[in-house]
Amino acid sequence: MLESVVELLTRTNQMATGRSNPATAEITALFTALDAVHSDYTGFFDMIQRAIVAGEPVQEIAQTLILRSPEADCERTAVLAHMRLLVADAMGAEAHPFLDAVSVYFINAPLAGQCALARTLKRATEHARVAEDDALHARAEIAYSVHASLRSLQRQWAVICERHGMLKATSSDRGEAGMTPSRPVGPAGIGMRTRKRAWAEALP
């Protein structure tokens with residue numbers, strides 16, 4: 001498991017204290033840990049892209065992806081379990097959109113998620129692993145899937161950044177006002193059944 005993911009899990013454990021709302025410092029620390037994970041995830045796919053451009057054997061590239069996949073799946077399962085724990089631990093409803101965005105990031109993880117992109121990358125990897133006469137086509141498949149994976153990670157990260165900014169602003173406003181906000185009405189305060197169903201489908 002990546003050190004950045006271990007740090008992320010440590011931060012989520014520290015936040016699971018039964019309090020109804022996270023402190024601004026905790027939000028910042030959690031987001032910093034997430035940023036490190038995102039950097040590692042995109043860095044991995046950047047490395048694969050460079051290997052493709054450099055003309056490294058497609059079977060070796062596929063093997064690198066295959067070896068990393070089980071670790072990514074372990075990370076995905078652990079983070080999703082921790083996100084579920086934070087909500088179950090009475091984390092304030094204002095934090096749910098942010099936690100949802102983090103969950104979606106890992107649910108759709110290209111190397112281990114259950115999204116169409118993850119299935120496409122897996123098929124391309126398997127094809128590349130056994131490719132001999134058709135290695136050029138296998139390389140093109142891998143290149144397309146890796147590029148799409150990077151774009152997907154960046155799109156989902158943008159949502160996390162947006163939700164983090166909203167949560168941080170709300171937490172700061174609450175601290176200045178010296179009061180706990182009422183439960184929001186609307187998208188930020190609904191969807192618990194949908195959230196639980198998504199986690200149930202994502203976790204083993």
# chains A, B, ... in the order shown; residues from 1 in each chain; ligands from 1

call {"tool": "residues_around", "arguments": {"residues": "stretch 158-169 of chain A", "least_positions_apart": "3", "cutoff": "10 Å", "atoms": "only C-alpha atoms", "output": "ChimeraX atom specification"}}
result
/A:22-28,30-31,34-35,94-105,152-155,172-175

call {"tool": "residues_around", "arguments": {"residues": "stretch 6-9 of chain A", "least_positions_apart": "6", "cutoff": "12 Å", "atoms": "only C-alpha atoms", "output": "MDAnalysis selection string"}}
result
chainID A and resid 15:16 26:38 74:83 85:86 102

call {"tool": "residues_around", "arguments": {"residues": "A:His127", "least_positions_apart": "3", "cutoff": "9 Å", "atoms": "only C-alpha atoms", "output": "JSON, numbers by chain"}}
result
{"A": [62, 122, 123, 124, 130, 131, 135, 138, 141, 142]}

call {"tool": "residues_around", "arguments": {"residues": "A:Ala112", "least_positions_apart": "5", "cutoff": "12 Å", "atoms": "only C-alpha atoms", "output": "list in words"}}
result
Tyr41, Leu65, Ile66, Leu67, Arg68, Ser69, Pro70, Glu71, Ala72, Asp73, Cys74, Glu75, Arg76, Thr77, Tyr105, Phe106, Ile107, Leu117, Ala118, Arg119, Thr120, Leu121, Lys122, Ser149, Ala202 and Leu203 of chain A

call {"tool": "residues_around", "arguments": {"residues": "A:Phe45", "least_positions_apart": "3", "cutoff": "9 Å", "atoms": "only C-alpha atoms", "output": "list in words"}}
result
Asp40, Tyr41, Thr42, Ile48, Gln49, Arg50, Val146, His147, Ser149 and Leu150 of chain A

call {"tool": "atom_distance", "arguments": {"atom1": "atom CA of A:Glu126", "atom2": "atom CA of A:Met1"}}
result
22.8 Å

call {"tool": "closest_residue", "arguments": {"among": "A:Arg84, A:Arg151, A:Arg129, A:His137", "to": "A:Ile61", "atoms": "only C-alpha atoms"}}
result
A:Arg129

call {"tool": "closest_residue", "arguments": {"among": "A:Thr170, A:Ser145, A:Ser39, A:Gln156", "to": "A:Val5", "atoms": "only C-alpha atoms"}}
result
A:Ser39

call {"tool": "select_by_dssp", "arguments": {"residues": "stretch 11-79 of chain A", "states": "helix (DSSP H, G or I)", "output": "ChimeraX atom specification"}}
result
/A:11-15,24-53,58-79

call {"tool": "atom_distance", "arguments": {"atom1": "atom CA of A:Asp46", "atom2": "atom CA of A:Ala143"}}
result
10.8 Å
